[in-house]
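S.K.: Structure file run-v9.csv, CSV, C-alpha atoms (C1' of nucleotides), is pasted below:
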```csv
chain,number,residue,atom,x,y,z
A,1,MET,CA,101.8,132.3,1.3
A,2,LYS,CA,98.7,132.5,3.4
A,3,ILE,CA,98.0,135.4,5.6
A,4,GLY,CA,99.0,133.6,8.8
A,5,GLU,CA,102.4,132.7,7.4
A,6,LEU,CA,102.9,136.3,6.2
A,7,ALA,CA,102.0,137.7,9.6
A,8,LEU,CA,104.4,135.3,11.3
A,9,ALA,CA,107.2,136.2,9.0
A,10,ALA,CA,106.7,139.9,9.6
A,11,GLN,CA,106.1,139.6,13.3
A,12,CYS,CA,102.6,141.0,13.4
A,13,THR,CA,99.1,139.7,13.6
A,14,VAL,CA,96.7,138.6,10.9
A,15,GLU,CA,94.3,141.4,11.9
A,16,THR,CA,97.1,144.0,11.4
A,17,VAL,CA,97.8,142.7,7.9
A,18,ARG,CA,94.1,143.0,6.9
A,19,TYR,CA,94.0,146.4,8.5
A,20,TYR,CA,97.0,147.6,6.4
A,21,GLU,CA,95.2,146.3,3.3
A,22,ARG,CA,92.1,148.3,4.1
A,23,GLU,CA,94.3,151.4,4.8
A,24,GLY,CA,96.0,151.1,1.5
A,25,LEU,CA,99.4,150.5,2.9
A,26,LEU,CA,99.7,147.0,1.6
A,27,ALA,CA,98.4,146.0,-1.9
A,28,ALA,CA,95.5,143.5,-2.0
A,29,PRO,CA,96.9,140.1,-3.0
A,30,ALA,CA,95.4,137.5,-5.3
A,31,ARG,CA,92.8,135.2,-3.8
A,32,THR,CA,92.6,131.4,-3.9
A,33,SER,CA,89.4,129.7,-5.1
A,34,ALA,CA,88.4,129.5,-1.4
A,35,ASN,CA,88.8,133.3,-1.2
A,36,TYR,CA,91.9,133.1,0.9
A,37,ARG,CA,94.5,135.8,0.4
A,38,SER,CA,97.6,134.6,-1.4
A,39,TYR,CA,100.8,136.6,-0.9
A,40,GLY,CA,104.2,136.6,-2.7
A,41,ALA,CA,107.7,137.7,-1.7
A,42,SER,CA,107.1,141.3,-2.6
A,43,HIS,CA,104.2,141.6,-0.2
A,44,LEU,CA,106.4,140.3,2.6
A,45,GLU,CA,109.1,142.7,1.7
A,46,ARG,CA,106.7,145.6,1.8
A,47,LEU,CA,105.1,144.5,5.0
A,48,ARG,CA,108.5,144.2,6.6
A,49,PHE,CA,109.3,147.7,5.5
A,50,ILE,CA,106.0,149.0,7.0
A,51,ARG,CA,106.6,147.1,10.3
A,52,ASN,CA,110.1,148.5,10.5
A,53,CYS,CA,108.8,152.1,10.0
A,54,ARG,CA,106.2,151.4,12.7
A,55,ALA,CA,108.9,150.1,15.0
A,56,LEU,CA,110.4,153.5,14.6
A,57,ASP,CA,107.1,155.1,15.5
A,58,MET,CA,106.4,156.6,12.1
A,59,ALA,CA,102.8,157.5,11.4
A,60,HIS,CA,100.9,155.8,8.6
A,61,ASP,CA,101.0,159.1,6.6
A,62,GLU,CA,104.7,159.2,6.9
A,63,ILE,CA,105.0,155.6,5.8
A,64,ARG,CA,102.7,156.2,2.9
A,65,ALA,CA,104.8,159.1,1.8
A,66,LEU,CA,108.0,157.0,2.1
A,67,LEU,CA,106.5,154.2,0.0
A,68,VAL,CA,105.5,156.6,-2.7
A,69,LEU,CA,109.1,158.0,-2.7
A,70,ALA,CA,110.6,154.6,-2.8
A,71,GLU,CA,108.6,153.7,-5.8
A,72,GLN,CA,110.5,156.1,-8.0
A,73,PRO,CA,113.9,154.4,-8.0
A,74,ALA,CA,115.5,156.8,-10.4
A,75,SER,CA,114.6,160.1,-8.6
A,76,ASP,CA,116.9,161.5,-5.9
A,77,CYS,CA,116.3,160.6,-2.3
A,78,HIS,CA,116.1,164.1,-0.9
A,79,GLY,CA,112.5,163.6,0.0
A,80,VAL,CA,113.3,160.5,2.0
A,81,ASN,CA,116.1,162.2,3.9
A,82,HIS,CA,113.8,165.2,4.6
A,83,LEU,CA,111.0,163.0,5.9
A,84,LEU,CA,113.3,161.2,8.2
A,85,ASP,CA,114.7,164.5,9.5
A,86,GLU,CA,111.2,165.6,10.3
A,87,HIS,CA,110.4,162.4,12.1
A,88,ILE,CA,113.6,162.7,14.1
A,89,ALA,CA,112.4,166.2,15.0
A,90,HIS,CA,109.1,164.8,16.2
A,91,VAL,CA,110.9,162.4,18.5
A,92,ASN,CA,113.2,165.2,19.8
A,93,THR,CA,110.2,167.4,20.5
A,94,ARG,CA,108.4,164.7,22.4
A,95,ILE,CA,111.5,163.8,24.4
A,96,ALA,CA,111.8,167.5,25.4
A,97,GLU,CA,108.1,167.6,26.4
A,98,LEU,CA,108.4,164.5,28.5
A,99,THR,CA,111.6,165.7,30.2
A,100,GLN,CA,109.9,169.0,31.1
A,101,LEU,CA,106.9,167.0,32.4
A,102,LYS,CA,109.2,164.8,34.5
A,103,SER,CA,110.7,167.8,36.2
A,104,GLN,CA,107.2,169.1,37.0
A,105,LEU,CA,106.2,165.8,38.4
A,106,ASP,CA,109.4,165.4,40.4
A,107,GLU,CA,108.8,168.8,41.9
A,108,LEU,CA,105.2,167.9,42.8
A,109,ARG,CA,106.3,164.6,44.3
A,110,ARG,CA,108.7,166.4,46.7
A,111,ARG,CA,105.7,168.2,48.2
A,112,CYS,CA,104.6,165.2,50.1
A,113,GLN,CA,107.4,163.1,51.6
A,114,HIS,CA,105.5,161.5,54.4
A,115,GLU,CA,102.1,160.0,54.7
A,116,GLN,CA,99.6,162.4,56.2
A,117,PRO,CA,95.9,163.0,56.1
A,118,VAL,CA,94.7,163.6,52.5
A,119,GLU,CA,93.5,167.1,53.4
A,120,ALA,CA,97.1,168.1,54.1
A,121,CYS,CA,98.8,166.3,51.2
A,122,GLY,CA,101.1,168.6,49.3
A,123,ILE,CA,100.6,166.7,46.1
A,124,LEU,CA,96.8,167.2,46.1
A,125,LYS,CA,97.3,170.8,47.0
A,126,GLY,CA,99.7,171.3,44.2
A,127,LEU,CA,97.3,169.7,41.7
A,128,ALA,CA,94.5,172.0,42.9
A,129,LEU,CA,96.6,175.1,42.7
A,130,MET,CA,98.7,174.8,39.5
A,131,GLU,CA,97.7,177.4,37.0
A,132,PRO,CA,95.9,175.8,34.1
A,133,GLU,CA,97.9,176.3,31.0
A,134,THR,CA,96.4,177.0,27.7
A,135,ARG,CA,96.4,173.6,25.9
A,136,LYS,CA,99.3,173.5,23.5
A,137,GLU,CA,98.7,172.1,20.1
A,138,LYS,CA,100.4,168.9,19.2
A,139,HIS,CA,103.4,169.1,16.9
A,140,THR,CA,104.0,165.4,16.8
A,141,HIS,CA,101.9,162.3,16.4
A,142,LEU,CA,103.8,160.7,19.3
A,143,GLY,CA,101.5,160.7,22.3
B,1,MET,CA,78.4,180.2,35.7
B,2,LYS,CA,77.6,179.0,32.2
B,3,ILE,CA,79.6,176.4,30.5
B,4,GLY,CA,81.5,178.9,28.3
B,5,GLU,CA,82.7,180.9,31.3
B,6,LEU,CA,83.7,177.7,33.1
B,7,ALA,CA,85.7,176.5,30.1
B,8,LEU,CA,87.4,179.8,29.8
B,9,ALA,CA,88.3,179.9,33.5
B,10,ALA,CA,89.8,176.4,33.2
B,11,GLN,CA,91.5,176.9,29.9
B,12,CYS,CA,89.7,174.2,28.0
B,13,THR,CA,86.9,174.0,25.5
B,14,VAL,CA,83.2,173.7,26.1
B,15,GLU,CA,83.2,170.3,24.3
B,16,THR,CA,85.8,169.1,26.7
B,17,VAL,CA,83.7,170.0,29.7
B,18,ARG,CA,80.7,168.2,28.3
B,19,TYR,CA,82.9,165.2,27.6
B,20,TYR,CA,84.2,165.1,31.2
B,21,GLU,CA,80.6,165.1,32.4
B,22,ARG,CA,79.7,162.2,30.1
B,23,GLU,CA,82.9,160.4,31.4
B,24,GLY,CA,81.9,160.9,35.0
B,25,LEU,CA,84.9,163.0,35.8
B,26,LEU,CA,82.9,166.1,36.5
B,27,ALA,CA,79.5,166.0,38.2
B,28,ALA,CA,76.5,167.1,36.2
B,29,PRO,CA,75.5,170.6,37.3
B,30,ALA,CA,72.1,172.1,37.8
B,31,ARG,CA,70.2,173.4,34.8
B,32,THR,CA,68.5,176.7,34.1
B,33,SER,CA,64.9,176.9,32.9
B,34,ALA,CA,66.4,177.0,29.3
B,35,ASN,CA,68.2,173.7,30.1
B,36,TYR,CA,71.6,175.5,30.2
B,37,ARG,CA,74.2,174.0,32.6
B,38,SER,CA,74.8,176.2,35.6
B,39,TYR,CA,78.1,175.7,37.5
B,40,GLY,CA,79.4,176.8,40.9
B,41,ALA,CA,82.8,177.4,42.3
B,42,SER,CA,83.3,173.7,43.3
B,43,HIS,CA,82.9,172.6,39.7
B,44,LEU,CA,85.5,175.0,38.6
B,45,GLU,CA,87.8,173.8,41.4
B,46,ARG,CA,87.4,170.2,40.3
B,47,LEU,CA,87.7,171.0,36.6
B,48,ARG,CA,91.0,172.9,37.3
B,49,PHE,CA,92.2,169.8,39.2
B,50,ILE,CA,91.4,167.6,36.3
B,51,ARG,CA,93.0,169.9,33.7
B,52,ASN,CA,96.1,170.1,35.8
B,53,CYS,CA,96.3,166.3,36.0
B,54,ARG,CA,95.9,166.2,32.2
B,55,ALA,CA,98.6,168.8,31.8
B,56,LEU,CA,100.8,166.2,33.5
B,57,ASP,CA,99.6,163.6,31.0
B,58,MET,CA,97.7,161.5,33.5
B,59,ALA,CA,95.1,159.1,32.1
B,60,HIS,CA,91.5,159.5,33.0
B,61,ASP,CA,91.6,156.4,35.1
B,62,GLU,CA,94.5,157.8,37.1
B,63,ILE,CA,92.6,161.1,37.6
B,64,ARG,CA,89.4,159.2,38.6
B,65,ALA,CA,91.4,157.3,41.2
B,66,LEU,CA,93.0,160.5,42.5
B,67,LEU,CA,89.6,162.1,42.8
B,68,VAL,CA,88.3,159.2,44.8
B,69,LEU,CA,91.3,159.4,47.2
B,70,ALA,CA,90.9,163.1,47.5
B,71,GLU,CA,87.3,162.7,48.6
B,72,GLN,CA,88.3,161.0,51.9
B,73,PRO,CA,90.0,163.9,53.6
B,74,ALA,CA,90.8,162.1,56.8
B,75,SER,CA,92.4,159.0,55.4
B,76,ASP,CA,96.2,159.1,54.8
B,77,CYS,CA,97.6,160.1,51.4
B,78,HIS,CA,99.7,157.0,50.8
B,79,GLY,CA,97.5,156.1,47.8
B,80,VAL,CA,98.1,159.5,46.3
B,81,ASN,CA,101.8,159.3,46.7
B,82,HIS,CA,101.8,155.8,45.2
B,83,LEU,CA,99.7,156.9,42.2
B,84,LEU,CA,102.0,159.7,41.5
B,85,ASP,CA,105.1,157.5,41.8
B,86,GLU,CA,103.6,155.1,39.2
B,87,HIS,CA,102.8,157.9,36.9
B,88,ILE,CA,106.4,159.2,37.1
B,89,ALA,CA,107.5,155.7,36.3
B,90,HIS,CA,105.3,155.8,33.2
B,91,VAL,CA,107.0,159.0,32.1
B,92,ASN,CA,110.4,157.6,32.8
B,93,THR,CA,109.7,154.5,30.8
B,94,ARG,CA,108.4,156.5,27.8
B,95,ILE,CA,111.5,158.8,27.9
B,96,ALA,CA,113.7,155.7,27.9
B,97,GLU,CA,111.8,154.3,24.9
B,98,LEU,CA,112.0,157.5,22.9
B,99,THR,CA,115.7,157.9,23.7
B,100,GLN,CA,116.4,154.4,22.4
B,101,LEU,CA,114.3,155.2,19.3
B,102,LYS,CA,116.2,158.4,18.7
B,103,SER,CA,119.5,156.6,18.6
B,104,GLN,CA,118.1,154.1,16.1
B,105,LEU,CA,116.8,156.9,14.0
B,106,ASP,CA,120.1,158.8,14.2
B,107,GLU,CA,122.0,155.7,13.1
B,108,LEU,CA,119.6,155.3,10.2
B,109,ARG,CA,120.0,158.9,9.2
B,110,ARG,CA,123.7,158.5,9.0
B,111,ARG,CA,123.3,156.0,6.2
B,112,CYS,CA,122.5,158.6,3.7
B,113,GLN,CA,124.5,161.8,3.9
B,114,HIS,CA,124.1,162.9,0.3
B,115,GLU,CA,121.4,162.9,-2.2
B,116,GLN,CA,121.5,160.0,-4.5
B,117,PRO,CA,119.1,158.0,-6.5
B,118,VAL,CA,116.3,156.4,-4.4
B,119,GLU,CA,117.5,152.9,-5.3
B,120,ALA,CA,120.8,153.6,-3.6
B,121,CYS,CA,119.5,155.4,-0.6
B,122,GLY,CA,121.0,153.9,2.6
B,123,ILE,CA,117.9,154.9,4.6
B,124,LEU,CA,115.5,153.0,2.5
B,125,LYS,CA,117.9,150.1,2.5
B,126,GLY,CA,118.0,150.2,6.2
B,127,LEU,CA,114.2,150.3,6.5
B,128,ALA,CA,113.9,147.3,4.2
B,129,LEU,CA,116.5,145.2,6.0
B,130,MET,CA,116.0,145.9,9.7
B,131,GLU,CA,114.9,142.7,11.5
B,132,PRO,CA,111.3,143.0,12.5
B,133,GLU,CA,111.0,143.0,16.3
B,134,THR,CA,108.2,141.2,18.1
B,135,ARG,CA,105.8,144.0,19.0
B,136,LYS,CA,106.4,144.9,22.6
B,137,GLU,CA,103.4,145.5,24.9
B,138,LYS,CA,102.7,148.9,26.2
B,139,HIS,CA,103.6,149.6,29.8
B,140,THR,CA,102.4,153.2,29.8
B,141,HIS,CA,99.4,155.0,28.5
B,142,LEU,CA,101.8,157.7,27.0
B,143,GLY,CA,102.0,157.1,23.3
C,1,DG,C1',83.1,109.3,5.7
C,2,DC,C1',83.1,112.2,9.6
C,3,DT,C1',84.6,114.9,13.2
C,4,DT,C1',87.9,118.0,15.3
C,5,DG,C1',90.9,121.8,15.3
C,6,DA,C1',93.4,125.1,13.1
C,7,DC,C1',93.0,128.2,9.9
C,8,DC,C1',90.5,131.7,6.8
C,9,DC,C1',86.6,135.2,5.6
C,10,DT,C1',83.6,139.7,6.4
C,11,DA,C1',81.7,143.2,9.2
C,12,DC,C1',81.5,145.8,13.1
C,13,DA,C1',82.4,147.5,17.9
C,14,DG,C1',85.8,149.1,21.1
C,15,DT,C1',90.2,151.6,22.8
C,16,DA,C1',91.8,157.2,24.7
C,17,DG,C1',90.8,161.8,24.8
C,18,DC,C1',89.1,164.6,22.7
C,19,DT,C1',87.4,167.5,18.2
C,20,DA,C1',84.0,168.5,14.8
C,21,DT,C1',79.6,168.6,12.6
C,22,DA,C1',74.5,168.8,12.0
C,23,DG,C1',70.5,170.6,13.4
C,24,DG,C1',68.3,172.7,16.5
C,25,DG,C1',66.9,176.4,20.7
C,26,DT,C1',68.1,180.9,23.7
C,27,DT,C1',70.0,185.2,25.0
C,28,DT,C1',72.2,189.4,24.2
C,29,DT,C1',73.2,193.4,21.6
C,30,DC,C1',72.4,196.8,18.3
D,1,DG,C1',63.3,192.8,15.7
D,2,DA,C1',67.2,190.8,13.6
D,3,DA,C1',71.7,189.0,13.9
D,4,DA,C1',75.5,187.4,16.5
D,5,DA,C1',76.9,184.7,20.1
D,6,DC,C1',75.9,181.4,23.0
D,7,DC,C1',73.6,177.0,24.5
D,8,DC,C1',71.6,172.0,23.7
D,9,DT,C1',71.8,166.8,22.0
D,10,DA,C1',73.4,163.3,19.1
D,11,DT,C1',76.7,161.4,16.3
D,12,DA,C1',80.9,160.8,13.5
D,13,DG,C1',85.8,161.2,13.1
D,14,DC,C1',90.7,160.9,14.6
D,15,DT,C1',95.1,156.9,15.2
D,16,DA,C1',96.6,152.3,14.8
D,17,DC,C1',95.1,148.8,16.0
D,18,DT,C1',92.4,144.8,18.8
D,19,DG,C1',88.6,141.9,19.7
D,20,DT,C1',84.3,139.8,18.7
D,21,DA,C1',80.4,137.5,16.2
D,22,DG,C1',79.1,134.5,12.9
D,23,DG,C1',80.3,132.2,9.5
D,24,DG,C1',83.3,129.1,5.6
D,25,DT,C1',87.7,125.8,4.4
D,26,DC,C1',91.1,122.4,5.0
D,27,DA,C1',94.1,118.6,6.7
D,28,DA,C1',94.6,114.9,10.0
D,29,DG,C1',93.1,111.1,12.6
D,30,DC,C1',89.5,107.5,13.6
```
Would it be possible to restate this file's structure as structure tokens?
M.R.:
Amino acid sequence: MKIGELALAAQCTVETVRYYEREGLLAAPARTSANYRSYGASHLERLRFIRNCRALDMAHDEIRALLVLAEQPASDCHGVNHLLDEHIAHVNTRIAELTQLKSQLDELRRRCQHEQPVEACGILKGLALMEPETRKEKHTHLG
Amino acid sequence: MKIGELALAAQCTVETVRYYEREGLLAAPARTSANYRSYGASHLERLRFIRNCRALDMAHDEIRALLVLAEQPASDCHGVNHLLDEHIAHVNTRIAELTQLKSQLDELRRRCQHEQPVEACGILKGLALMEPETRKEKHTHLG
DNA sequence: GCTTGACCCTACAGTAGCTATAGGGTTTTC
DNA sequence: GAAAACCCTATAGCTACTGTAGGGTCAAGC
């Protein structure tokens, strides 16, 4: 299988496949005499796995860890479960942050119901007068 | 005011202030004879405005647009209101995406309630077998 | 046999919003 | 007068790609 076929089968771009190889997520395949990458079924399986993890917004580090765990078929899957729990916690954290943000934004929006001169706009006043918060550290990789 | 004092007053780092200057968000201040940046009250006001916008997860482009609008005090604030509405829409979109993600993750998590050998783990099976989705474009700048 | 177009290759720059580092100079405090 | 605390510029790094430049390869049609 050439790289274009692989990318198509996994619903991603050729550039993304080459990027994953550079990142060490996907093993480097054999090359043809013309130096074209030549993939087998196992590459597609792994790429699909990676893309599915990405569709769930997992970070590359999380995926790398999962792949390592998956490569020891006989050991127990506690690590896998734990990793997923932590990822779910990231998502929950980010949802909570955004929900809080939304209520702040809704409150701000209510300060200017009608069009008026910019100098009287309640939104701009609000943005000028909010107390700057100490920047909180990120607890998730979700932006 | 020196850069360290300004940064402290606006609850951000010195590096961030210099970065905003390079980005054109914050005007370049006068310099002392030792080439130190020397800020006045208007710089602090503007920096606070920017930090408050960032606390609400606005992108630099959105902030730049707001600053331009705010600089025409006599014109009406329709543009400001519209910009905020669009930003609120971004946040709503991202909350919806993450909520959908969460339900997918919860479903996946339910597939492995007990520790078992990795090769039998329902989570790993799920990740291997999900259908790869066509990557959807981003409609928000929120990650 | 030759061209055209679709595919492949490497290497590198760009995205967003910072953060960190190297390698210097200045000012303040003891 | 020395050390700590501050300032300066320039540059690289972070994440997960995307896009570009400048090439090589291959199959089909004339």
S.K.: Would you mind aligning chain A to chain B, a least-squares fit over all C-alpha atoms taken in order, and returning the superposed chain as an mmCIF file with C-alpha atoms, keeping the file's coordinate frame?
M.R.:
```cif
data_model
loop_
_atom_site.group_PDB
_atom_site.id
_atom_site.type_symbol
_atom_site.label_atom_id
_atom_site.label_comp_id
_atom_site.auth_asym_id
_atom_site.auth_seq_id
_atom_site.Cartn_x
_atom_site.Cartn_y
_atom_site.Cartn_z
ATOM 1 C CA MET A 1 78.315 180.228 35.837
ATOM 2 C CA LYS A 2 77.494 179.092 32.359
ATOM 3 C CA ILE A 3 79.484 176.494 30.619
ATOM 4 C CA GLY A 4 81.366 178.971 28.428
ATOM 5 C CA GLU A 5 82.532 180.959 31.431
ATOM 6 C CA LEU A 6 83.608 177.736 33.193
ATOM 7 C CA ALA A 7 85.573 176.581 30.171
ATOM 8 C CA LEU A 8 87.292 179.955 29.913
ATOM 9 C CA ALA A 9 88.227 179.947 33.528
ATOM 10 C CA ALA A 10 89.722 176.482 33.286
ATOM 11 C CA GLN A 11 91.392 177.028 29.961
ATOM 12 C CA CYS A 12 89.581 174.367 27.998
ATOM 13 C CA THR A 13 86.747 174.162 25.568
ATOM 14 C CA VAL A 14 83.026 173.815 26.114
ATOM 15 C CA GLU A 15 83.078 170.455 24.295
ATOM 16 C CA THR A 16 85.769 169.160 26.731
ATOM 17 C CA VAL A 17 83.646 170.130 29.728
ATOM 18 C CA ARG A 18 80.598 168.229 28.357
ATOM 19 C CA TYR A 19 82.847 165.336 27.520
ATOM 20 C CA TYR A 20 84.161 165.165 31.139
ATOM 21 C CA GLU A 21 80.538 165.184 32.330
ATOM 22 C CA ARG A 22 79.664 162.239 30.137
ATOM 23 C CA GLU A 23 82.854 160.417 31.339
ATOM 24 C CA GLY A 24 81.946 160.913 34.916
ATOM 25 C CA LEU A 25 84.904 163.019 35.750
ATOM 26 C CA LEU A 26 82.932 166.125 36.455
ATOM 27 C CA ALA A 27 79.539 166.019 38.303
ATOM 28 C CA ALA A 28 76.461 167.099 36.296
ATOM 29 C CA PRO A 29 75.473 170.599 37.433
ATOM 30 C CA ALA A 30 72.015 172.027 37.985
ATOM 31 C CA ARG A 31 70.181 173.270 34.921
ATOM 32 C CA THR A 32 68.457 176.614 34.337
ATOM 33 C CA SER A 33 64.835 176.696 33.135
ATOM 34 C CA ALA A 34 66.268 176.991 29.587
ATOM 35 C CA ASN A 35 68.190 173.742 30.211
ATOM 36 C CA TYR A 36 71.517 175.464 30.370
ATOM 37 C CA ARG A 37 74.109 173.998 32.701
ATOM 38 C CA SER A 38 74.708 176.080 35.798
ATOM 39 C CA TYR A 39 78.033 175.628 37.596
ATOM 40 C CA GLY A 40 79.322 176.746 41.044
ATOM 41 C CA ALA A 41 82.792 177.299 42.497
ATOM 42 C CA SER A 42 83.283 173.675 43.366
ATOM 43 C CA HIS A 43 82.819 172.571 39.785
ATOM 44 C CA LEU A 44 85.497 175.023 38.696
ATOM 45 C CA GLU A 45 87.800 173.813 41.360
ATOM 46 C CA ARG A 46 87.355 170.238 40.266
ATOM 47 C CA LEU A 47 87.711 171.035 36.627
ATOM 48 C CA ARG A 48 90.908 172.898 37.345
ATOM 49 C CA PHE A 49 92.212 169.900 39.192
ATOM 50 C CA ILE A 50 91.335 167.605 36.227
ATOM 51 C CA ARG A 51 92.959 170.026 33.704
ATOM 52 C CA ASN A 52 96.073 170.196 35.832
ATOM 53 C CA CYS A 53 96.315 166.346 35.968
ATOM 54 C CA ARG A 54 95.838 166.309 32.185
ATOM 55 C CA ALA A 55 98.565 168.893 31.790
ATOM 56 C CA LEU A 56 100.733 166.365 33.487
ATOM 57 C CA ASP A 57 99.619 163.715 31.039
ATOM 58 C CA MET A 58 97.706 161.602 33.523
ATOM 59 C CA ALA A 59 95.147 159.241 32.061
ATOM 60 C CA HIS A 60 91.474 159.623 32.898
ATOM 61 C CA ASP A 61 91.674 156.399 35.011
ATOM 62 C CA GLU A 62 94.465 157.840 36.992
ATOM 63 C CA ILE A 63 92.572 161.064 37.525
ATOM 64 C CA ARG A 64 89.484 159.191 38.532
ATOM 65 C CA ALA A 65 91.451 157.259 41.068
ATOM 66 C CA LEU A 66 93.011 160.489 42.437
ATOM 67 C CA LEU A 67 89.592 162.125 42.802
ATOM 68 C CA VAL A 68 88.249 159.175 44.683
ATOM 69 C CA LEU A 69 91.313 159.357 47.029
ATOM 70 C CA ALA A 70 90.932 163.023 47.514
ATOM 71 C CA GLU A 71 87.391 162.614 48.565
ATOM 72 C CA GLN A 72 88.361 160.901 51.779
ATOM 73 C CA PRO A 73 90.042 163.807 53.561
ATOM 74 C CA ALA A 74 90.685 161.945 56.755
ATOM 75 C CA SER A 75 92.458 158.848 55.269
ATOM 76 C CA ASP A 76 96.229 158.884 54.706
ATOM 77 C CA CYS A 77 97.599 159.959 51.374
ATOM 78 C CA HIS A 78 99.699 156.907 50.650
ATOM 79 C CA GLY A 79 97.534 156.036 47.723
ATOM 80 C CA VAL A 80 98.039 159.442 46.175
ATOM 81 C CA ASN A 81 101.801 159.296 46.585
ATOM 82 C CA HIS A 82 101.824 155.754 45.091
ATOM 83 C CA LEU A 83 99.771 156.798 42.080
ATOM 84 C CA LEU A 84 102.020 159.673 41.375
ATOM 85 C CA ASP A 85 105.092 157.433 41.655
ATOM 86 C CA GLU A 86 103.578 155.140 39.095
ATOM 87 C CA HIS A 87 102.813 157.964 36.737
ATOM 88 C CA ILE A 88 106.350 159.260 37.106
ATOM 89 C CA ALA A 89 107.457 155.736 36.181
ATOM 90 C CA HIS A 90 105.318 155.842 33.066
ATOM 91 C CA VAL A 91 106.979 159.058 31.977
ATOM 92 C CA ASN A 92 110.476 157.632 32.721
ATOM 93 C CA THR A 93 109.692 154.532 30.696
ATOM 94 C CA ARG A 94 108.491 156.515 27.735
ATOM 95 C CA ILE A 95 111.478 158.856 27.873
ATOM 96 C CA ALA A 96 113.767 155.769 27.791
ATOM 97 C CA GLU A 97 111.833 154.329 24.811
ATOM 98 C CA LEU A 98 112.050 157.547 22.886
ATOM 99 C CA THR A 99 115.770 157.986 23.621
ATOM 100 C CA GLN A 100 116.450 154.442 22.369
ATOM 101 C CA LEU A 101 114.338 155.225 19.268
ATOM 102 C CA LYS A 102 116.307 158.434 18.664
ATOM 103 C CA SER A 103 119.567 156.561 18.644
ATOM 104 C CA GLN A 104 118.134 154.088 16.113
ATOM 105 C CA LEU A 105 116.950 156.866 13.938
ATOM 106 C CA ASP A 106 120.207 158.795 14.206
ATOM 107 C CA GLU A 107 122.049 155.687 13.150
ATOM 108 C CA LEU A 108 119.723 155.177 10.165
ATOM 109 C CA ARG A 109 120.058 158.815 9.163
ATOM 110 C CA ARG A 110 123.880 158.487 8.954
ATOM 111 C CA ARG A 111 123.413 155.860 6.239
ATOM 112 C CA CYS A 112 122.578 158.397 3.652
ATOM 113 C CA GLN A 113 124.577 161.633 3.834
ATOM 114 C CA HIS A 114 124.285 162.706 0.260
ATOM 115 C CA GLU A 115 121.499 162.737 -2.217
ATOM 116 C CA GLN A 116 121.619 159.768 -4.548
ATOM 117 C CA PRO A 117 119.229 157.722 -6.588
ATOM 118 C CA VAL A 118 116.488 156.194 -4.372
ATOM 119 C CA GLU A 119 117.595 152.670 -5.297
ATOM 120 C CA ALA A 120 120.916 153.312 -3.562
ATOM 121 C CA CYS A 121 119.645 155.220 -0.515
ATOM 122 C CA GLY A 122 121.032 153.800 2.686
ATOM 123 C CA ILE A 123 118.013 154.872 4.645
ATOM 124 C CA LEU A 124 115.573 152.890 2.453
ATOM 125 C CA LYS A 125 117.902 149.960 2.555
ATOM 126 C CA GLY A 126 118.100 150.083 6.269
ATOM 127 C CA LEU A 127 114.298 150.216 6.586
ATOM 128 C CA ALA A 128 113.991 147.175 4.299
ATOM 129 C CA LEU A 129 116.575 145.188 6.152
ATOM 130 C CA MET A 130 116.005 145.858 9.889
ATOM 131 C CA GLU A 131 114.861 142.755 11.641
ATOM 132 C CA PRO A 132 111.238 143.073 12.632
ATOM 133 C CA GLU A 133 110.979 142.993 16.345
ATOM 134 C CA THR A 134 108.248 141.296 18.159
ATOM 135 C CA ARG A 135 105.810 144.121 19.095
ATOM 136 C CA LYS A 136 106.353 145.044 22.705
ATOM 137 C CA GLU A 137 103.346 145.595 24.834
ATOM 138 C CA LYS A 138 102.707 149.049 26.100
ATOM 139 C CA HIS A 139 103.500 149.755 29.733
ATOM 140 C CA THR A 140 102.372 153.330 29.640
ATOM 141 C CA HIS A 141 99.431 155.233 28.261
ATOM 142 C CA LEU A 142 101.839 157.850 26.872
ATOM 143 C CA GLY A 143 102.031 157.343 23.131
#
```
S.K.: If we count all atoms listed in the file and set the cut-off at 12 Å, which residues sit around DT10 (chain C), ignoring sequence neighbours fewer than 5 positions away in its own chain? Please answer as an MDAnalysis selection string.
M.R.: (chainID A and resid 18 35:36) or (chainID D and resid 21:24)
S.K.: Mind checking which residues fall within 9 Å of Leu83 (chain B), counting all atoms listed in the file, ignoring those fewer than 6 positions away in the same chain, and posting them as a VMD selection string?
M.R.: chain B and resid 62 65 to 66
S.K.: Using all atoms listed in the file for the distances, tell me which of B:Ala59, B:Ala7, B:Leu98, B:Leu67 is nearest to chain C.
M.R.: B:Ala59
S.K.: Give as an NGL selection string every residue of chain A that touches chain C within 10 Å, counting all atoms listed in the file.
M.R.: :A and (2-4 or 34-37)
S.K.: How would the residues just chosen look if you wrote them out with C-alpha atoms as a PDB file, in the frame of the given file?
M.R.:
```pdb
ATOM      1  CA  LYS A   2      98.700 132.500   3.400  1.00  0.00           C
ATOM      2  CA  ILE A   3      98.000 135.400   5.600  1.00  0.00           C
ATOM      3  CA  GLY A   4      99.000 133.600   8.800  1.00  0.00           C
ATOM      4  CA  ALA A  34      88.400 129.500  -1.400  1.00  0.00           C
ATOM      5  CA  ASN A  35      88.800 133.300  -1.200  1.00  0.00           C
ATOM      6  CA  TYR A  36      91.900 133.100   0.900  1.00  0.00           C
ATOM      7  CA  ARG A  37      94.500 135.800   0.400  1.00  0.00           C
TER       8      ARG A  37
END
```
S.K.: Could you check how far CA of His114 (chain A) sits from CA of Ala96 (chain B), in Å to one decimal?
M.R.: 28.3 Å
S.K.: Using all atoms listed in the file and a cut-off of 8 Å, which residues of chain A sit close to chain D? Please list them as a VMD selection string.
M.R.: chain A and resid 15 to 16 19 34
S.K.: Which residues are near Ala55 (chain B)? Cut-off 12 Å, all atoms listed in the file, ignore same chain within fewer than 3 positions. Put them as a PyMOL selection string.
M.R.: (chain A and resi 97-98+100-102+104-105+127+130-136) or (chain B and resi 10-12+48-52+58-60+63)
